[in-house]
$ cat run-v8.txt   # compact mmCIF, C-alpha atoms
# COMPACT_ATOMS: atom_id res chain seq x y z
CA MET A 1 0.00 0.00 0.00
CA ALA A 2 1.39 3.39 -1.01
CA ASP A 3 1.81 6.13 1.55
CA TYR A 4 0.35 8.85 -0.68
CA LEU A 5 -2.11 9.15 -3.54
CA LEU A 6 -1.60 11.25 -6.66
CA LEU A 7 -5.01 11.64 -8.25
CA ASN A 8 -5.55 13.22 -11.66
CA GLY A 9 -8.89 14.12 -13.17
CA PRO A 10 -10.42 14.58 -16.61
CA ASN A 11 -8.35 15.09 -19.72
CA LEU A 12 -5.03 14.82 -17.89
CA ASN A 13 -4.52 11.52 -19.67
CA ARG A 14 -4.15 13.72 -22.78
CA LEU A 15 -1.10 15.60 -21.49
CA GLY A 16 1.62 15.89 -24.09
CA GLN A 17 -1.04 16.08 -26.81
CA ARG A 18 -3.53 18.52 -25.33
CA GLU A 19 -2.64 22.21 -25.67
CA PRO A 20 1.10 21.82 -25.02
CA ASP A 21 1.48 25.62 -25.04
CA ILE A 22 -0.59 25.66 -21.83
CA TYR A 23 0.07 22.26 -20.24
CA GLY A 24 3.55 21.41 -21.54
CA ALA A 25 4.93 18.54 -23.58
CA GLN A 26 5.28 15.98 -20.80
CA THR A 27 2.81 13.13 -20.70
CA LEU A 28 0.99 12.10 -17.56
CA ALA A 29 3.18 8.97 -17.49
CA ASP A 30 6.28 11.21 -17.53
CA ILE A 31 4.93 13.27 -14.64
CA GLU A 32 3.92 10.20 -12.63
CA LYS A 33 7.37 8.65 -13.13
CA ALA A 34 9.09 11.82 -11.92
CA CYS A 35 6.71 12.08 -8.96
CA ARG A 36 7.27 8.46 -7.92
CA ALA A 37 11.04 8.95 -8.11
CA HIS A 38 10.87 12.18 -6.10
CA ALA A 39 8.63 10.64 -3.45
CA LYS A 40 10.89 7.58 -3.23
CA ALA A 41 13.92 9.82 -2.74
CA ARG A 42 12.03 11.34 0.21
CA GLY A 43 11.24 7.86 1.59
CA ALA A 44 7.60 7.70 0.46
CA ASP A 45 5.59 5.54 -1.92
CA LEU A 46 3.15 7.13 -4.34
CA ASP A 47 0.05 5.53 -5.87
CA CYS A 48 -0.85 7.33 -9.13
CA ARG A 49 -4.36 7.21 -10.59
CA GLN A 50 -6.28 9.10 -13.26
CA SER A 51 -9.94 9.11 -14.19
CA ASN A 52 -12.17 11.12 -16.47
CA HIS A 53 -15.13 10.20 -14.25
CA GLU A 54 -16.17 12.28 -11.27
CA GLY A 55 -17.54 9.30 -9.34
CA ALA A 56 -14.27 7.37 -9.70
CA LEU A 57 -12.37 10.36 -8.28
CA ILE A 58 -14.81 10.57 -5.37
CA ASP A 59 -14.41 6.83 -4.71
CA ALA A 60 -10.63 7.20 -4.72
CA LEU A 61 -10.85 10.06 -2.22
CA HIS A 62 -13.11 8.05 0.07
CA GLU A 63 -10.76 5.06 -0.18
CA ALA A 64 -7.79 7.27 0.72
CA GLU A 65 -9.01 7.54 4.30
CA GLY A 66 -7.26 4.86 6.32
CA ARG A 67 -5.13 3.92 3.31
CA HIS A 68 -3.03 6.99 2.51
CA LYS A 69 -1.39 9.70 4.60
CA GLY A 70 -2.28 12.38 2.07
CA VAL A 71 -3.54 13.13 -1.43
CA ILE A 72 -2.32 15.34 -4.24
CA LEU A 73 -5.24 16.16 -6.51
CA ASN A 74 -5.37 17.74 -9.92
CA ALA A 75 -9.11 17.66 -10.50
CA GLY A 76 -8.82 19.32 -13.92
CA ALA A 77 -12.02 21.06 -14.97
CA PHE A 78 -13.89 19.50 -12.03
CA THR A 79 -11.96 21.99 -9.89
CA HIS A 80 -14.33 24.71 -11.02
CA THR A 81 -17.60 22.80 -11.07
CA SER A 82 -17.70 19.88 -8.66
CA VAL A 83 -19.43 20.39 -5.36
CA ALA A 84 -19.35 16.59 -5.10
CA LEU A 85 -15.52 16.49 -5.13
CA ARG A 86 -15.45 19.36 -2.65
CA ASP A 87 -17.79 17.45 -0.34
CA ALA A 88 -15.75 14.24 -0.72
CA ILE A 89 -12.60 16.06 0.38
CA ALA A 90 -14.43 17.67 3.30
CA SER A 91 -15.72 14.26 4.37
CA ILE A 92 -12.32 12.59 4.76
CA ASP A 93 -9.67 12.97 7.43
CA VAL A 94 -6.78 13.05 4.95
CA PRO A 95 -4.89 16.20 3.89
CA VAL A 96 -5.38 17.09 0.22
CA ILE A 97 -3.25 19.47 -1.80
CA GLU A 98 -4.80 20.90 -4.96
CA VAL A 99 -2.43 21.07 -7.95
CA HIS A 100 -2.62 22.67 -11.38
CA LEU A 101 -0.08 22.76 -14.17
CA SER A 102 -1.17 26.21 -15.34
CA ASN A 103 -1.87 29.29 -13.26
CA ILE A 104 -5.66 29.02 -13.12
CA HIS A 105 -5.89 32.57 -11.74
CA ALA A 106 -4.25 34.01 -14.86
CA ARG A 107 -6.52 32.20 -17.29
CA GLU A 108 -10.17 32.48 -18.31
CA PRO A 109 -12.41 33.93 -15.58
CA PHE A 110 -14.36 30.68 -15.15
CA ARG A 111 -11.10 29.00 -14.04
CA HIS A 112 -10.45 31.51 -11.25
CA GLN A 113 -12.93 29.86 -8.88
CA SER A 114 -11.92 26.61 -7.21
CA MET A 115 -14.56 24.56 -5.44
CA ILE A 116 -11.73 22.52 -3.90
CA ALA A 117 -9.49 25.25 -2.46
CA PRO A 118 -11.67 25.98 0.60
CA VAL A 119 -11.36 22.35 1.81
CA ALA A 120 -7.80 21.65 0.63
CA LEU A 121 -4.68 22.01 2.74
CA GLY A 122 -3.30 24.28 0.02
CA GLN A 123 -3.10 24.97 -3.68
CA ILE A 124 -0.07 24.93 -5.99
CA ALA A 125 -0.59 26.22 -9.52
CA GLY A 126 1.33 27.59 -12.45
CA PHE A 127 4.64 25.76 -12.30
CA GLY A 128 3.93 23.11 -14.91
CA ALA A 129 5.00 19.60 -13.93
CA LEU A 130 7.05 21.13 -11.10
CA SER A 131 3.73 21.90 -9.37
CA TYR A 132 3.45 18.18 -8.56
CA ILE A 133 6.96 17.99 -7.10
CA LEU A 134 6.28 21.07 -4.97
CA ALA A 135 3.05 19.46 -3.78
CA ILE A 136 4.88 16.26 -2.80
CA ASP A 137 7.38 18.26 -0.76
CA ALA A 138 4.64 20.32 0.88
CA LEU A 139 2.48 17.30 1.70
CA LEU A 140 5.34 15.22 3.09
CA SER A 141 6.54 18.14 5.20
CA PHE A 142 3.03 18.72 6.54
CA VAL A 143 2.48 15.06 7.40
CA GLU A 144 5.93 14.75 9.02
CA LYS A 145 5.10 17.71 11.30
CA SER A 146 1.63 16.41 12.20
$ encode --input "run-v8.txt" --output "structure tokens"
Amino acid sequence: MADYLLLNGPNLNRLGQREPDIYGAQTLADIEKACRAHAKARGADLDCRQSNHEGALIDALHEAEGRHKGVILNAGAFTHTSVALRDAIASIDVPVIEVHLSNIHAREPFRHQSMIAPVALGQIAGFGALSYILAIDALLSFVEKS
């Protein structure tokens, strides 16, 4: 069982093909590989999952309780629309860090609002794939201090 969960939402399976000028050229597999290596170097195991389905993401969040010490979540477009994901995060006793490749606050106005931010430990956005590495460091540091 992995210590931490990296959970990616809709369309992130299209990284490397989807709007590389915004999201970069790395694939999700590239990012997951780098994240696993970084977590391992810090002494942690990382379970990586992706789904285009809101219910599957909610199930993964529910399952994280009692299974993982923390979650890194890039909910993709569900960030801006999903009260259900927000409620799932609020319902679990597991710290969640919200991550975005692009700076959602510098993009279209509909992306400025995050349903997840109010119930997340924190939000990291705008650093491309490095956002995930920063989130790993932040989450591990938080859990170590708790």
$ closest_residue --input "run-v8.txt" --among "A:Phe110, A:Ala90, A:Ala29, A:Gly16" --to "Ala77 of chain A" --atoms "all atoms listed in the file"
A:Phe110
$ residues_around --input "run-v8.txt" --residues "Ser114 of chain A" --least-positions-apart "6" --cutoff "8 Å" --atoms "all atoms listed in the file" --output "mmCIF file with C-alpha atoms, keeping the file's coordinate frame"
data_model
loop_
_atom_site.group_PDB
_atom_site.id
_atom_site.type_symbol
_atom_site.label_atom_id
_atom_site.label_comp_id
_atom_site.auth_asym_id
_atom_site.auth_seq_id
_atom_site.Cartn_x
_atom_site.Cartn_y
_atom_site.Cartn_z
ATOM 1 C CA THR A 79 -11.960 21.990 -9.890
ATOM 2 C CA HIS A 80 -14.330 24.710 -11.020
ATOM 3 C CA THR A 81 -17.600 22.800 -11.070
#
$ atom_distance --input "run-v8.txt" --atom1 "atom CA of Ile133 of chain A" --atom2 "atom CA of Gly70 of chain A"
14.2 Å
$ residues_around --input "run-v8.txt" --residues "segment 48-62 of chain A" --least-positions-apart "4" --cutoff "10 Å" --atoms "only C-alpha atoms" --output "ChimeraX atom specification"
/A:2,4-13,28-29,31-33,35-36,66-68,70-76,78,82,84-89,91-94,96
$ closest_residue --input "run-v8.txt" --among "A:Ala37, A:Ile116, A:Val83, A:Val99" --to "Gly128 of chain A" --atoms "all atoms listed in the file"
A:Val99
$ atom_distance --input "run-v8.txt" --atom1 "atom CA of Leu130 of chain A" --atom2 "atom CA of His100 of chain A"
9.8 Å
$ atom_distance --input "run-v8.txt" --atom1 "atom CA of Ala129 of chain A" --atom2 "atom CA of Asp30 of chain A"
9.2 Å
$ axis_aligned_box --input "run-v8.txt" --around "segment 84-88 of chain A" --padding-each-side "3 Å" --output "lines of an AutoDock Vina configuration file"
center_x = -17.4
center_y = 16.8
center_z = -2.7
size_x = 9.9
size_y = 11.1
size_z = 10.8
$ closest_residue --input "run-v8.txt" --among "A:Phe127, A:Pro118, A:Asp3, A:Pro109" --to "Gly43 of chain A" --atoms "only C-alpha atoms"
A:Asp3
$ closest_residue --input "run-v8.txt" --among "A:Glu98, A:Arg42, A:Val119, A:Gly126" --to "Glu144 of chain A" --atoms "only C-alpha atoms"
A:Arg42
$ residues_around --input "run-v8.txt" --residues "Ser146 of chain A" --least-positions-apart "3" --cutoff "12 Å" --atoms "only C-alpha atoms" --output "PyMOL selection string"
chain A and resi 69-70+94-95+139-143
$ residues_around --input "run-v8.txt" --residues "His38 of chain A" --least-positions-apart "6" --cutoff "10 Å" --atoms "all atoms listed in the file" --output "PyMOL selection string"
chain A and resi 32+44-46+132-133+136-137
$ build_atoms --input "run-v8.txt" --residues "segment 32-56 of chain A" --atoms "N, CA, C and O atoms" --output "tab-separated table (two decimals), in the frame of the given file"
chain	number	residue	atom	x	y	z
A	32	GLU	N	4.06	11.21	-13.68
A	32	GLU	CA	3.92	10.20	-12.63
A	32	GLU	C	5.26	9.55	-12.32
A	32	GLU	O	5.58	9.32	-11.15
A	33	LYS	N	6.05	9.26	-13.34
A	33	LYS	CA	7.37	8.65	-13.13
A	33	LYS	C	8.27	9.58	-12.31
A	33	LYS	O	8.93	9.14	-11.36
A	34	ALA	N	8.28	10.85	-12.65
A	34	ALA	CA	9.09	11.82	-11.92
A	34	ALA	C	8.60	11.96	-10.48
A	34	ALA	O	9.40	12.06	-9.55
A	35	CYS	N	7.28	11.95	-10.30
A	35	CYS	CA	6.71	12.08	-8.96
A	35	CYS	C	7.04	10.86	-8.10
A	35	CYS	O	7.39	11.00	-6.92
A	36	ARG	N	6.93	9.67	-8.67
A	36	ARG	CA	7.27	8.46	-7.92
A	36	ARG	C	8.74	8.49	-7.49
A	36	ARG	O	9.06	8.14	-6.36
A	37	ALA	N	9.61	8.89	-8.42
A	37	ALA	CA	11.04	8.95	-8.11
A	37	ALA	C	11.32	9.98	-7.02
A	37	ALA	O	12.10	9.73	-6.10
A	38	HIS	N	10.66	11.12	-7.11
A	38	HIS	CA	10.87	12.18	-6.10
A	38	HIS	C	10.35	11.73	-4.73
A	38	HIS	O	11.03	11.93	-3.72
A	39	ALA	N	9.18	11.14	-4.72
A	39	ALA	CA	8.63	10.64	-3.45
A	39	ALA	C	9.54	9.56	-2.87
A	39	ALA	O	9.82	9.56	-1.66
A	40	LYS	N	10.01	8.65	-3.70
A	40	LYS	CA	10.89	7.58	-3.23
A	40	LYS	C	12.17	8.14	-2.63
A	40	LYS	O	12.64	7.65	-1.59
A	41	ALA	N	12.72	9.17	-3.27
A	41	ALA	CA	13.92	9.82	-2.74
A	41	ALA	C	13.67	10.44	-1.36
A	41	ALA	O	14.59	10.58	-0.56
A	42	ARG	N	12.42	10.78	-1.09
A	42	ARG	CA	12.03	11.34	0.21
A	42	ARG	C	11.54	10.25	1.16
A	42	ARG	O	11.06	10.54	2.25
A	43	GLY	N	11.62	8.97	0.74
A	43	GLY	CA	11.24	7.86	1.59
A	43	GLY	C	9.76	7.53	1.58
A	43	GLY	O	9.26	6.91	2.52
A	44	ALA	N	9.06	7.93	0.53
A	44	ALA	CA	7.60	7.70	0.46
A	44	ALA	C	7.25	6.95	-0.82
A	44	ALA	O	7.93	7.06	-1.83
A	45	ASP	N	6.14	6.21	-0.74
A	45	ASP	CA	5.59	5.54	-1.92
A	45	ASP	C	4.39	6.33	-2.41
A	45	ASP	O	3.63	6.89	-1.61
A	46	LEU	N	4.21	6.35	-3.72
A	46	LEU	CA	3.15	7.13	-4.34
A	46	LEU	C	2.32	6.24	-5.26
A	46	LEU	O	2.85	5.58	-6.15
A	47	ASP	N	1.01	6.22	-5.01
A	47	ASP	CA	0.05	5.53	-5.87
A	47	ASP	C	-0.51	6.58	-6.82
A	47	ASP	O	-1.04	7.60	-6.37
A	48	CYS	N	-0.39	6.36	-8.13
A	48	CYS	CA	-0.85	7.33	-9.13
A	48	CYS	C	-2.08	6.78	-9.84
A	48	CYS	O	-2.06	5.66	-10.34
A	49	ARG	N	-3.13	7.60	-9.89
A	49	ARG	CA	-4.36	7.21	-10.59
A	49	ARG	C	-4.89	8.40	-11.38
A	49	ARG	O	-4.68	9.54	-11.01
A	50	GLN	N	-5.63	8.08	-12.44
A	50	GLN	CA	-6.28	9.10	-13.26
A	50	GLN	C	-7.64	8.58	-13.67
A	50	GLN	O	-7.80	7.40	-13.97
A	51	SER	N	-8.63	9.46	-13.68
A	51	SER	CA	-9.94	9.11	-14.19
A	51	SER	C	-10.60	10.33	-14.82
A	51	SER	O	-10.43	11.45	-14.34
A	52	ASN	N	-11.35	10.08	-15.86
A	52	ASN	CA	-12.17	11.12	-16.47
A	52	ASN	C	-13.56	11.16	-15.86
A	52	ASN	O	-14.40	11.94	-16.30
A	53	HIS	N	-13.80	10.34	-14.84
A	53	HIS	CA	-15.13	10.20	-14.25
A	53	HIS	C	-15.17	10.73	-12.82
A	53	HIS	O	-14.40	10.27	-11.96
A	54	GLU	N	-16.06	11.64	-12.58
A	54	GLU	CA	-16.17	12.28	-11.27
A	54	GLU	C	-16.39	11.26	-10.15
A	54	GLU	O	-15.75	11.35	-9.10
A	55	GLY	N	-17.26	10.29	-10.36
A	55	GLY	CA	-17.54	9.30	-9.34
A	55	GLY	C	-16.31	8.47	-8.98
A	55	GLY	O	-16.10	8.12	-7.81
A	56	ALA	N	-15.49	8.14	-9.97
A	56	ALA	CA	-14.27	7.37	-9.70
A	56	ALA	C	-13.30	8.19	-8.85
A	56	ALA	O	-12.62	7.64	-7.96
